[in-house]
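Worksheet for the structure shown next.
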Amino acid sequence: VNTPVTGTLTTLAGWDFSEQIDFGTSPLSATTNAVNLTVSGLTRGSGITTSGSAATRAWGGNGFGSASAPAAISANDFVTFSVAAHSGYELAFTAVSQFDYRRSGTGPANGVLQYQLGAGSFIDITNLAYASGNGALSPIDLSGISALQNVAANTTVTFRIVNYSGQSG
């Protein structure tokens with residue numbers, strides 16, 4: 001997740017999965033965390049299981065068999081992380097610049113990226129589509145979302161990735 005800083009982009013938070021084994025830990029601490037921010041770990045929803053064969057150098061789980069995003073949300077089949085600026089600072093999000101994934105042939109083919117300000121409702125940003133195998137989504141532009149610009153200090157912004165339509169539940 002990036003934000004502009006005096007004309008340049010600064011990575012606010014990022015995760016390196018190269019050392020993960022057996023689905024990885026949850027929450028997984030960010031390996032990139034910009035100064036003056038609190039970033040929560042990448043956290044699996046309670047509906048995501050971690051049984052069966054795991055992919056080395058990856059993070060995730062299984063159980064994404066819901067047929068739709070609302071059903072997946074109800075089943076807690078999602079991943080979250082949160083970002084908040086410290087006192088005296090504010091945030092302006094420009095993009096999710098890198099979104100790499102690894103999907104098995106039975107894994108979820110679809111998803112939706114959402115955000116939440118404080119304890120408000122989650123709001124859809126964009127739909128996601130995953131091909132089988134290793135892949136990367138195009139950067140996701142956040143600069144046109146007014147609610148994600150000039151976010152006040154100590155306001156928690158939570159991002160949620162809801163995945164669904166896997167072949168195994």
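All residue names refer to the structure tokens as shown: chains lettered A, B, ... in order, residues numbered from 1 in each chain, ligands numbered from 1 in order.
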Would you tabulate, counting only C-alpha atoms, all residues of range 47-102 of chain A that have an atom at most 12 Å from an atom of range 110-130 of chain A, showing the closest pair of atoms and their distance in Å to one decimal, sorted by chain then ascending number, as a tab-separated table?
```
residue	atom	partner	partner_atom	distance
A:Phe64	CA	A:Asn110	CA	9.7
A:Gly65	CA	A:Asn110	CA	10.6
A:Ser66	CA	A:Asn110	CA	10.3
A:Ala67	CA	A:Asn110	CA	9.5
A:Ser68	CA	A:Asn110	CA	8.6
A:Ala69	CA	A:Gly111	CA	6.9
A:Pro70	CA	A:Val112	CA	10.1
A:Ala71	CA	A:Gly111	CA	11.7
A:Ala72	CA	A:Gly111	CA	9.4
A:Ile73	CA	A:Val112	CA	10.4
A:Asp77	CA	A:Gly111	CA	10.3
A:Phe78	CA	A:Gly111	CA	9.1
A:Val79	CA	A:Leu113	CA	9.8
A:Thr80	CA	A:Tyr115	CA	9.4
A:Phe81	CA	A:Tyr115	CA	9.8
A:Ser82	CA	A:Gln116	CA	9.1
A:Val83	CA	A:Leu117	CA	10.0
A:Ala84	CA	A:Gly118	CA	9.5
A:Leu91	CA	A:Leu117	CA	11.9
A:Phe93	CA	A:Tyr115	CA	11.3
A:Ala95	CA	A:Ile125	CA	11.0
A:Val96	CA	A:Leu113	CA	10.2
A:Phe99	CA	A:Leu128	CA	10.4
A:Asp100	CA	A:Tyr130	CA	10.0
A:Tyr101	CA	A:Tyr130	CA	8.0
A:Arg102	CA	A:Tyr130	CA	8.6
```
Next, write the just-selected residues to a file, as an mmCIF file, in the first residue's frame, keeping C-alpha atoms as the atom set.
```cif
data_model
loop_
_atom_site.group_PDB
_atom_site.id
_atom_site.type_symbol
_atom_site.label_atom_id
_atom_site.label_comp_id
_atom_site.auth_asym_id
_atom_site.auth_seq_id
_atom_site.Cartn_x
_atom_site.Cartn_y
_atom_site.Cartn_z
ATOM 1 C CA PHE A 64 -12.763 -20.558 0.230
ATOM 2 C CA GLY A 65 -15.737 -22.520 -1.115
ATOM 3 C CA SER A 66 -18.409 -19.830 -0.709
ATOM 4 C CA ALA A 67 -20.276 -19.013 -3.925
ATOM 5 C CA SER A 68 -20.312 -15.219 -3.441
ATOM 6 C CA ALA A 69 -18.594 -12.408 -1.555
ATOM 7 C CA PRO A 70 -21.522 -11.949 0.885
ATOM 8 C CA ALA A 71 -21.478 -15.690 1.652
ATOM 9 C CA ALA A 72 -17.687 -15.589 2.152
ATOM 10 C CA ILE A 73 -18.009 -12.623 4.517
ATOM 11 C CA ASP A 77 -13.428 -16.312 4.626
ATOM 12 C CA PHE A 78 -11.294 -13.195 4.322
ATOM 13 C CA VAL A 79 -7.946 -11.655 5.182
ATOM 14 C CA THR A 80 -7.478 -8.255 6.860
ATOM 15 C CA PHE A 81 -4.783 -5.771 7.763
ATOM 16 C CA SER A 82 -5.021 -2.267 9.214
ATOM 17 C CA VAL A 83 -3.021 0.947 9.004
ATOM 18 C CA ALA A 84 -3.237 4.049 11.222
ATOM 19 C CA LEU A 91 -2.537 9.243 5.486
ATOM 20 C CA PHE A 93 -3.463 6.172 -0.028
ATOM 21 C CA ALA A 95 -2.390 2.408 -4.679
ATOM 22 C CA VAL A 96 -1.974 -1.201 -3.830
ATOM 23 C CA PHE A 99 -0.518 -7.820 -5.261
ATOM 24 C CA ASP A 100 1.097 -11.187 -5.938
ATOM 25 C CA TYR A 101 -0.718 -14.447 -5.322
ATOM 26 C CA ARG A 102 -0.447 -18.209 -5.682
#
```
Who sits within 8 Å of Glu90 in chain A, only C-alpha atoms, same chain under 4 positions skipped, as a compact mmCIF listing (two decimals) with N, CA, C and O atoms, in the first residue's frame:
```
# COMPACT_ATOMS: atom_id res chain seq x y z
N ALA A 85 -2.19 6.22 11.13
CA ALA A 85 -1.12 7.20 11.33
C ALA A 85 -1.04 7.58 12.80
O ALA A 85 -2.06 7.65 13.49
N HIS A 86 0.17 7.82 13.27
CA HIS A 86 0.37 8.26 14.65
C HIS A 86 -0.12 9.71 14.79
O HIS A 86 -0.33 10.41 13.79
N ASN A 150 -6.16 12.01 3.02
CA ASN A 150 -6.09 12.87 4.21
C ASN A 150 -6.82 12.26 5.41
O ASN A 150 -7.58 12.92 6.10
N VAL A 151 -6.56 10.98 5.63
CA VAL A 151 -7.15 10.26 6.77
C VAL A 151 -6.49 10.76 8.04
O VAL A 151 -5.26 10.76 8.16
N ALA A 152 -7.28 11.18 8.99
CA ALA A 152 -6.78 11.79 10.23
C ALA A 152 -5.96 10.82 11.06
O ALA A 152 -6.13 9.59 10.99
N ALA A 153 -5.09 11.38 11.87
CA ALA A 153 -4.27 10.60 12.80
C ALA A 153 -5.16 9.72 13.66
O ALA A 153 -6.28 10.09 14.01
```
Determine which residues of range 62-130 of chain A DSSP labels as strand (DSSP E or B) from the backbone of this structure, then write them out as a PyMOL selection string.
-> chain A and resi 62+78-85+91+95-96+99-103+110-117+123-129
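Candidate residues A:Ala34, A:Leu28, A:Ala58, A:Leu142 were compared for distance to Ser104 in chain A, and the nearest is A:Ala58, using only C-alpha atoms.
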Please, which residues of range 18-126 of chain A, numbered as in this document, come out alpha helix (DSSP H) from DSSP, as a compact mmCIF listing (two decimals) with all heavy atoms, in the first residue's frame?
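As written to disk, selection.txt reads:
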```txt
# COMPACT_ATOMS: atom_id res chain seq x y z
N ALA A 69 -19.27 -13.21 -2.58
CA ALA A 69 -18.59 -12.41 -1.55
C ALA A 69 -19.43 -12.30 -0.27
O ALA A 69 -18.89 -12.49 0.82
CB ALA A 69 -18.24 -11.04 -2.11
N PRO A 70 -20.75 -12.01 -0.36
CA PRO A 70 -21.52 -11.95 0.88
C PRO A 70 -21.49 -13.27 1.67
O PRO A 70 -21.40 -13.26 2.90
CB PRO A 70 -22.94 -11.61 0.41
CG PRO A 70 -22.74 -10.87 -0.87
CD PRO A 70 -21.56 -11.56 -1.51
N ALA A 71 -21.54 -14.39 0.97
CA ALA A 71 -21.48 -15.69 1.65
C ALA A 71 -20.10 -15.89 2.29
O ALA A 71 -19.99 -16.41 3.40
CB ALA A 71 -21.79 -16.82 0.68
N ALA A 72 -19.04 -15.46 1.60
CA ALA A 72 -17.69 -15.59 2.15
C ALA A 72 -17.51 -14.71 3.39
O ALA A 72 -16.89 -15.11 4.37
CB ALA A 72 -16.65 -15.24 1.08
N ILE A 73 -18.07 -13.52 3.35
CA ILE A 73 -18.01 -12.62 4.52
C ILE A 73 -18.74 -13.27 5.70
O ILE A 73 -18.23 -13.28 6.82
CB ILE A 73 -18.59 -11.24 4.18
CG1 ILE A 73 -17.66 -10.53 3.18
CG2 ILE A 73 -18.79 -10.40 5.43
CD1 ILE A 73 -18.27 -9.32 2.51
N SER A 74 -19.91 -13.81 5.44
CA SER A 74 -20.68 -14.48 6.49
C SER A 74 -19.91 -15.66 7.09
O SER A 74 -20.01 -15.94 8.28
CB SER A 74 -22.02 -14.94 5.93
OG SER A 74 -22.77 -15.60 6.92
```
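The nearest approach to Arg160 in chain A among the residues A:Ser97, A:Ser143, A:Ser87, A:Thr43, with only C-alpha atoms taken into account, belongs to A:Thr43.
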Would you mind listing what lies within 10 Å of range 13-27 of chain A as JSON, numbers by chain, with only C-alpha atoms counted and same-chain residues fewer than 3 positions away left out?
-> {"A": [1, 2, 10, 30, 31, 32, 33, 34, 37, 38, 39, 40, 41, 42, 43, 44, 45, 49, 50, 51, 52, 53, 54, 55, 56, 57, 58, 59, 60, 61, 62, 79, 80, 81, 82, 83, 96, 98, 99]}
